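Heads up, the thing below is written out as structure tokens.
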Amino acid sequence: MSMASALCLFTAACGGARDDADRPGRGSVVSVAPVFEMTAAQTGDYLAEWKYPVAGAHGVRAHRVVYETVAADGTSTTASGLVVVPDTGVQRLRLVSYAHGTTVRRDEAPSADGETERARTVQFAAAGYAAVAPDYLGLGEGPGFHPYAHAPTEASASADLLLATRSLLADQGRDLDPNVLVTGFSQGAQAALALGRELNSGAIEGFAPAAVAAVSGAYAVQEVQAPAALDGRVEGRPAVFYLGYWITAMNRIYHLYDDPAEAFQQPYAQRIDGLFDGRHDLLAVSSGLPDTPQKLLTPQYLELARNPTGAALRAMADSDTVCDWTAAVPVRLFAAPGDRSVPFENSLRCTKAELGASAELIDLGDIDHGATVREALPRILDWFRKTQPPA
């Protein structure tokens with residue numbers, strides 16, 4: 001991917017949609033469909049069941065929004081996302097963008113049937129915020145493949161959902177406070193920092209950051225996540241899943257190999273593209289792959305994971321910049337030393353980058369990866385309420 005293509009993802013005049021007279025601009029709404037509606041009592045019961053209780057929860061209305069955005073090569077495409085609006089009398093709503101964790105099956109995205117991530121989004125709407133959750137490219141209603149852990153398109157899909165949400169609410173006679181509260185978990189933590197960086201730079205017209213909170217993200221693929229997947233800091237099954245997903249996704253953008261057998265040992269080489277086709281869930285993918293990276297990858301690709309060069313290095317470098325900015329707003333990074341899927345060292349590395357000057361690292365203790373989001377999100381909501389309370 002050229003530097004021009006990477007920059008194109010974040011500019012209003014980006015190729016594709018802007019150059020094609022037959023398509024509207026980025027962030028334009030293609031379609032809106034109702035997903036669910038809950039009264040205040042129903043919202044409270046729903047969140048209590050998911051263990052994300054919100055005192056004085058509002059009723060909410062949720063929409064699936066399909067909107068214009070850009071693909072990894074800068075050409076125009078569409079993506080979908082969940083927009084949850086609180087039932088309040090407030091005309092000007094404050095906005096939370098929540099970026100979801102890793103999903104392999106497209107219908108498990110927040111705007112589809114991804115109930116876990118949907119509940120996390122509803123938590124913020126129940127507290128009085130307009131809450132949005134991008135599905136990212138290739139998930140939900142988005143066409144094509146999902147460019148897993150590709151920070152540039154995570155940011156562009158997230159940014160364009162903000163624009164689409166502003167249009168949706170305008171049609172409902174409401175508007176948005178331009179200062180966005182940004183958060184995300186796991187893959188979504190990377191996406192949250194990527195979006196925060198773009199908001200902080202003024203690249204998203206009409207929006208700015210208010211605060212950023214990220215939970216357990218793989219912010220340093222080259223320096224931390226890939227080596228940890230090979231040396232045992234990441235448990236075997238999660239390591240295999242991460243490497244398989246990342247390599248197949250990056251191959252579609254950066255052309256890492258001509259034949260899967262260059263990267264993956266048999267019999268996995270002949271089945272891996274099919275496993276990551278957006279129709280298989282985590283269990284199906286994991287059951288089709290081995291239990292260690294050494295059984296999955298060829299010697300050449302084991303070495304590339306340790307010491308990347310060429311296209312593999314470019315793929316890592318393009319997404320390993322989400323901590324390389326100086327924030328003008330408060331930033332909190334939540335992570336756990338007990339995490340055996342996304343090592344704590346990712347967040348430590350982030351504090352040593354430019355972002356470290358304004359980022360506070362919050363140690364969640366000896367808990368596993370999934371527990372970090374359950375522990376962090378209520379604390380993030382409380383922090384957001386103190387930083388920018390709902391109107």
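Chain labels run A, B, ... following the order of the structure tokens; each chain numbers its residues from 1, and ligands are numbered from 1 in the order shown.
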
Per DSSP on the backbone, filter range 75-318 of chain A down to the residues in alpha helix (DSSP H) and report them as a PyMOL selection string. chain A and resi 115-126+151-171+187-201+226-231+236-254+272-275+282-287+293-296+299-306+310-318

What are the nearest atom pairs, with distances in Å to one decimal, for all residues of range 15-63 of chain A that come at most 9 Å from range 366-389 of chain A, using only C-alpha atoms, set out by chain and rising residue number as JSON lines?
```
{"residue": "A:Lys51", "atom": "CA", "partner": "A:Arg374", "partner_atom": "CA", "distance": 8.0}
{"residue": "A:Tyr52", "atom": "CA", "partner": "A:Pro378", "partner_atom": "CA", "distance": 6.8}
{"residue": "A:Pro53", "atom": "CA", "partner": "A:Pro378", "partner_atom": "CA", "distance": 8.2}
{"residue": "A:Val54", "atom": "CA", "partner": "A:Pro378", "partner_atom": "CA", "distance": 8.5}
```

Could those residues be written to a file, using all heavy atoms, as a PDB file, in the first residue's frame?
```
ATOM      1  N   LYS A  51     -24.734  -7.886  32.459  1.00  0.00           N
ATOM      2  CA  LYS A  51     -23.802  -7.423  33.497  1.00  0.00           C
ATOM      3  C   LYS A  51     -23.113  -6.112  33.133  1.00  0.00           C
ATOM      4  O   LYS A  51     -21.941  -5.890  33.445  1.00  0.00           O
ATOM      5  CB  LYS A  51     -22.781  -8.517  33.833  1.00  0.00           C
ATOM      6  CG  LYS A  51     -23.429  -9.751  34.452  1.00  0.00           C
ATOM      7  CD  LYS A  51     -22.406 -10.801  34.813  1.00  0.00           C
ATOM      8  CE  LYS A  51     -23.029 -11.941  35.621  1.00  0.00           C
ATOM      9  NZ  LYS A  51     -24.189 -12.581  34.975  1.00  0.00           N
ATOM     10  N   TYR A  52     -23.886  -5.233  32.464  1.00  0.00           N
ATOM     11  CA  TYR A  52     -23.461  -3.860  32.220  1.00  0.00           C
ATOM     12  C   TYR A  52     -24.553  -2.918  32.728  1.00  0.00           C
ATOM     13  O   TYR A  52     -25.139  -2.153  31.962  1.00  0.00           O
ATOM     14  CB  TYR A  52     -23.207  -3.614  30.725  1.00  0.00           C
ATOM     15  CG  TYR A  52     -22.019  -4.346  30.162  1.00  0.00           C
ATOM     16  CD1 TYR A  52     -22.176  -5.358  29.226  1.00  0.00           C
ATOM     17  CD2 TYR A  52     -20.726  -4.011  30.580  1.00  0.00           C
ATOM     18  CE1 TYR A  52     -21.080  -6.027  28.701  1.00  0.00           C
ATOM     19  CE2 TYR A  52     -19.625  -4.683  30.065  1.00  0.00           C
ATOM     20  CZ  TYR A  52     -19.807  -5.684  29.138  1.00  0.00           C
ATOM     21  OH  TYR A  52     -18.723  -6.352  28.630  1.00  0.00           O
ATOM     22  N   PRO A  53     -24.872  -2.972  34.012  1.00  0.00           N
ATOM     23  CA  PRO A  53     -25.992  -2.171  34.523  1.00  0.00           C
ATOM     24  C   PRO A  53     -25.709  -0.675  34.434  1.00  0.00           C
ATOM     25  O   PRO A  53     -24.581  -0.226  34.621  1.00  0.00           O
ATOM     26  CB  PRO A  53     -26.110  -2.629  35.977  1.00  0.00           C
ATOM     27  CG  PRO A  53     -24.740  -3.118  36.340  1.00  0.00           C
ATOM     28  CD  PRO A  53     -24.184  -3.717  35.092  1.00  0.00           C
ATOM     29  N   VAL A  54     -26.758   0.085  34.147  1.00  0.00           N
ATOM     30  CA  VAL A  54     -26.681   1.540  34.091  1.00  0.00           C
ATOM     31  C   VAL A  54     -27.808   2.091  34.945  1.00  0.00           C
ATOM     32  O   VAL A  54     -28.985   1.841  34.685  1.00  0.00           O
ATOM     33  CB  VAL A  54     -26.816   2.056  32.637  1.00  0.00           C
ATOM     34  CG1 VAL A  54     -26.919   3.576  32.616  1.00  0.00           C
ATOM     35  CG2 VAL A  54     -25.635   1.589  31.791  1.00  0.00           C
TER      36      VAL A  54
END
```

Leaving out range 105-111 of chain A and any residue of its chain fewer than 3 positions from it, which residues lie within 6 Å of it when counting only C-alpha atoms, given as a CSV table (one decimal) with N, CA, C and O atoms, in the first residue's frame?
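And here's out_35.csv as it stands now:
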```csv
chain,number,residue,atom,x,y,z
A,64,ARG,N,-29.6,0.0,12.0
A,64,ARG,CA,-28.5,-0.5,11.2
A,64,ARG,C,-28.3,0.5,10.0
A,64,ARG,O,-29.3,0.7,9.2
A,81,GLY,N,-23.0,-0.2,10.3
A,81,GLY,CA,-22.7,0.0,11.7
A,81,GLY,C,-24.0,0.1,12.5
A,81,GLY,O,-25.1,0.3,11.9
A,82,LEU,N,-23.9,0.0,13.8
A,82,LEU,CA,-25.0,0.1,14.7
A,82,LEU,C,-25.0,1.5,15.2
A,82,LEU,O,-24.0,2.0,15.7
A,114,GLY,N,-24.6,-9.6,16.5
A,114,GLY,CA,-23.5,-9.6,17.5
A,114,GLY,C,-24.0,-9.1,18.8
A,114,GLY,O,-23.7,-8.0,19.2
A,117,GLU,N,-21.4,-7.5,21.6
A,117,GLU,CA,-21.0,-6.1,21.3
A,117,GLU,C,-22.1,-5.1,21.2
A,117,GLU,O,-22.0,-4.0,21.5
A,118,ARG,N,-23.3,-5.6,20.9
A,118,ARG,CA,-24.5,-4.8,20.9
A,118,ARG,C,-24.8,-4.3,22.3
A,118,ARG,O,-25.1,-3.1,22.5
A,135,ASP,N,-19.2,-1.8,12.1
A,135,ASP,CA,-19.0,-3.2,11.9
A,135,ASP,C,-17.6,-3.4,11.3
A,135,ASP,O,-17.1,-4.5,11.4
A,139,LEU,N,-17.7,-6.9,7.3
A,139,LEU,CA,-18.6,-7.5,8.3
A,139,LEU,C,-19.9,-6.8,8.3
A,139,LEU,O,-20.1,-5.8,7.7
A,140,GLY,N,-20.9,-7.5,8.9
A,140,GLY,CA,-22.3,-7.0,8.8
A,140,GLY,C,-22.8,-7.0,7.4
A,140,GLY,O,-22.7,-8.0,6.7
A,278,GLY,N,-15.7,-15.3,6.4
A,278,GLY,CA,-16.8,-14.5,6.9
A,278,GLY,C,-18.0,-15.3,7.2
A,278,GLY,O,-19.0,-14.8,7.7
A,279,ARG,N,-18.0,-16.6,7.0
A,279,ARG,CA,-19.2,-17.5,7.2
A,279,ARG,C,-19.0,-18.5,8.3
A,279,ARG,O,-19.9,-19.2,8.7
A,280,HIS,N,-17.7,-18.6,8.8
A,280,HIS,CA,-17.4,-19.5,9.9
A,280,HIS,C,-17.2,-18.8,11.2
A,280,HIS,O,-16.7,-17.7,11.2
A,281,ASP,N,-17.7,-19.4,12.3
A,281,ASP,CA,-17.5,-18.7,13.6
A,281,ASP,C,-16.1,-19.1,14.2
A,281,ASP,O,-15.4,-19.9,13.6
```

Determine the nearest neighbour of Met316 in chain A from the options A:Glu223, A:Asp87, A:Glu205, A:Asp363, counting only C-alpha atoms. A:Glu223

Do you know which residues are at most 10 Å from Ser287 in chain A counting only C-alpha atoms, after dropping those on the same chain fewer than 5 positions away, and could you put them as a list of chain:residue names?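 Result of the neighbour search: A:Arg237, A:Leu275, A:Leu282.
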
Could you jot down the CA of Leu169 in chain A to CA of Glu154 in chain A separation for me, Å, one decimal place?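 About the pair CA of Leu169 in chain A and CA of Glu154 in chain A: they are 22.7 Å apart.
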
Could you please write out, as a PyMOL selection string, every residue of range 5-203 of chain A that DSSP assigns to strand (DSSP E or B)? chain A and resi 29-38+60-70+76-86+92-99+130-134+175-185

Output for the residues just chosen: C-alpha atoms as a PDB file, in the first residue's frame:
```pdb
ATOM      1  CA  VAL A  29     -26.208   7.197   4.151  1.00  0.00           C
ATOM      2  CA  VAL A  30     -27.150   4.372   1.786  1.00  0.00           C
ATOM      3  CA  SER A  31     -29.883   2.797   3.910  1.00  0.00           C
ATOM      4  CA  VAL A  32     -31.278   2.754   7.439  1.00  0.00           C
ATOM      5  CA  ALA A  33     -33.151  -0.149   9.032  1.00  0.00           C
ATOM      6  CA  PRO A  34     -34.578  -0.498  12.542  1.00  0.00           C
ATOM      7  CA  VAL A  35     -32.866  -3.182  14.644  1.00  0.00           C
ATOM      8  CA  PHE A  36     -34.627  -3.010  18.012  1.00  0.00           C
ATOM      9  CA  GLU A  37     -36.408  -0.649  20.374  1.00  0.00           C
ATOM     10  CA  MET A  38     -36.538  -0.928  24.174  1.00  0.00           C
ATOM     11  CA  VAL A  60     -33.196   3.207  23.311  1.00  0.00           C
ATOM     12  CA  ARG A  61     -33.798   2.823  19.597  1.00  0.00           C
ATOM     13  CA  ALA A  62     -31.226   1.081  17.424  1.00  0.00           C
ATOM     14  CA  HIS A  63     -30.631   1.360  13.688  1.00  0.00           C
ATOM     15  CA  ARG A  64     -28.502  -0.481  11.166  1.00  0.00           C
ATOM     16  CA  VAL A  65     -26.916   2.137   8.926  1.00  0.00           C
ATOM     17  CA  VAL A  66     -25.227   1.300   5.626  1.00  0.00           C
ATOM     18  CA  TYR A  67     -22.990   4.118   4.437  1.00  0.00           C
ATOM     19  CA  GLU A  68     -20.340   5.082   1.914  1.00  0.00           C
ATOM     20  CA  THR A  69     -16.697   4.611   2.853  1.00  0.00           C
ATOM     21  CA  VAL A  70     -13.399   3.507   1.290  1.00  0.00           C
ATOM     22  CA  SER A  76     -15.263   3.449  -2.821  1.00  0.00           C
ATOM     23  CA  THR A  77     -17.238   0.803  -0.983  1.00  0.00           C
ATOM     24  CA  THR A  78     -19.895   0.565   1.717  1.00  0.00           C
ATOM     25  CA  ALA A  79     -19.891  -0.499   5.333  1.00  0.00           C
ATOM     26  CA  SER A  80     -22.502  -0.917   8.019  1.00  0.00           C
ATOM     27  CA  GLY A  81     -22.725   0.000  11.663  1.00  0.00           C
ATOM     28  CA  LEU A  82     -25.004   0.123  14.665  1.00  0.00           C
ATOM     29  CA  VAL A  83     -26.406   3.476  15.822  1.00  0.00           C
ATOM     30  CA  VAL A  84     -28.232   3.444  19.168  1.00  0.00           C
ATOM     31  CA  VAL A  85     -30.108   6.591  20.181  1.00  0.00           C
ATOM     32  CA  PRO A  86     -31.442   7.271  23.678  1.00  0.00           C
ATOM     33  CA  ARG A  92     -28.202  17.875  20.866  1.00  0.00           C
ATOM     34  CA  LEU A  93     -26.712  14.520  21.810  1.00  0.00           C
ATOM     35  CA  ARG A  94     -23.196  13.735  22.915  1.00  0.00           C
ATOM     36  CA  LEU A  95     -21.582  10.869  21.067  1.00  0.00           C
ATOM     37  CA  VAL A  96     -19.693   7.708  22.000  1.00  0.00           C
ATOM     38  CA  SER A  97     -17.959   5.613  19.345  1.00  0.00           C
ATOM     39  CA  TYR A  98     -17.413   2.023  20.499  1.00  0.00           C
ATOM     40  CA  ALA A  99     -15.140  -0.223  18.397  1.00  0.00           C
ATOM     41  CA  ALA A 130     -25.805   8.577  21.016  1.00  0.00           C
ATOM     42  CA  ALA A 131     -23.707   5.411  20.668  1.00  0.00           C
ATOM     43  CA  VAL A 132     -22.258   4.073  17.436  1.00  0.00           C
ATOM     44  CA  ALA A 133     -20.428   0.830  16.706  1.00  0.00           C
ATOM     45  CA  PRO A 134     -18.863   0.351  13.256  1.00  0.00           C
ATOM     46  CA  ASP A 175     -27.927  16.898  16.115  1.00  0.00           C
ATOM     47  CA  LEU A 176     -24.609  15.818  17.586  1.00  0.00           C
ATOM     48  CA  ASP A 177     -22.096  17.492  19.823  1.00  0.00           C
ATOM     49  CA  PRO A 178     -18.924  17.465  17.665  1.00  0.00           C
ATOM     50  CA  ASN A 179     -16.674  16.267  20.510  1.00  0.00           C
ATOM     51  CA  VAL A 180     -16.535  12.478  20.381  1.00  0.00           C
ATOM     52  CA  LEU A 181     -15.862  10.063  23.236  1.00  0.00           C
ATOM     53  CA  VAL A 182     -13.944   7.146  21.735  1.00  0.00           C
ATOM     54  CA  THR A 183     -13.484   3.653  23.108  1.00  0.00           C
ATOM     55  CA  GLY A 184     -12.931   0.071  21.972  1.00  0.00           C
ATOM     56  CA  PHE A 185     -11.844  -3.390  23.041  1.00  0.00           C
TER      57      PHE A 185
END
```

Within 10 Å of Tyr245 in chain A, counting only C-alpha atoms, which residues show up once you throw out same-chain ones fewer than 5 positions away? Write them as a PyMOL selection string, please. chain A and resi 102+104+146-149+239-240+250+272-273+275-276+285

Let's have the selection written as a PDB file, in the first residue's frame, with C-alpha atoms.
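Output saved as selection-v3.pdb:
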```pdb
ATOM      1  CA  THR A 102     -12.405  -9.522  16.864  1.00  0.00           C
ATOM      2  CA  VAL A 104     -14.806 -13.734  12.153  1.00  0.00           C
ATOM      3  CA  HIS A 146     -12.709  -8.130   6.396  1.00  0.00           C
ATOM      4  CA  PRO A 147      -9.214  -6.538   6.558  1.00  0.00           C
ATOM      5  CA  TYR A 148      -8.579  -7.793  10.078  1.00  0.00           C
ATOM      6  CA  ALA A 149      -6.517  -5.499  12.324  1.00  0.00           C
ATOM      7  CA  ALA A 239      -1.851 -17.346  18.720  1.00  0.00           C
ATOM      8  CA  VAL A 240      -2.781 -19.627  15.823  1.00  0.00           C
ATOM      9  CA  MET A 250      -2.953  -8.793   4.997  1.00  0.00           C
ATOM     10  CA  ILE A 272      -7.352 -21.530   5.544  1.00  0.00           C
ATOM     11  CA  ASP A 273      -8.877 -19.059   3.068  1.00  0.00           C
ATOM     12  CA  LEU A 275     -12.108 -20.771   7.129  1.00  0.00           C
ATOM     13  CA  PHE A 276     -11.669 -16.985   7.086  1.00  0.00           C
ATOM     14  CA  VAL A 285     -12.105 -21.708  12.549  1.00  0.00           C
TER      15      VAL A 285
END
```

Proximity to Ala159 in chain A - best of A:Ala284, A:Ala357, A:Ala203, A:Leu302, only C-alpha atoms: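 Going through A:Ala284, A:Ala357, A:Ala203, A:Leu302 one by one, the smallest distance to Ala159 in chain A is for A:Ala203.
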
With a distance cut-off of 6 Å and only C-alpha atoms, select the neighbouring residues of Ala213 in chain A, excluding the residue or stretch itself and same-chain residues fewer than 4 positions from it, and output the selection as a ChimeraX atom specification. /A:183,331-333

Could you save those same residues with N, CA and C atoms as a CSV table (one decimal), in the first residue's frame?
```
chain,number,residue,atom,x,y,z
A,183,THR,N,-14.0,4.8,22.4
A,183,THR,CA,-13.5,3.7,23.1
A,183,THR,C,-13.5,2.4,22.2
A,331,VAL,N,-6.4,10.5,27.6
A,331,VAL,CA,-6.4,9.1,27.1
A,331,VAL,C,-6.1,8.1,28.2
A,332,ARG,N,-6.9,7.1,28.2
A,332,ARG,CA,-6.7,6.0,29.2
A,332,ARG,C,-6.6,4.7,28.5
A,333,LEU,N,-5.5,3.9,28.8
A,333,LEU,CA,-5.3,2.6,28.3
A,333,LEU,C,-5.5,1.6,29.4
```

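Among A:Pro293, A:Pro299, A:Gly365, A:Gly173, the residue with the shortest atom-to-atom distance to Tyr242 in chain A, counting only C-alpha atoms, is A:Pro293.
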
Shortest contact to Ser156 in chain A, candidates A:Ala228, A:Asn346, A:Gly196, A:Ala127, atoms counted only C-alpha atoms, goes to A:Gly196

Between A:Leu296, A:Phe241, A:Ala229, A:Gly206, smallest distance to Pro260 in chain A by only C-alpha atoms belongs to A:Leu296
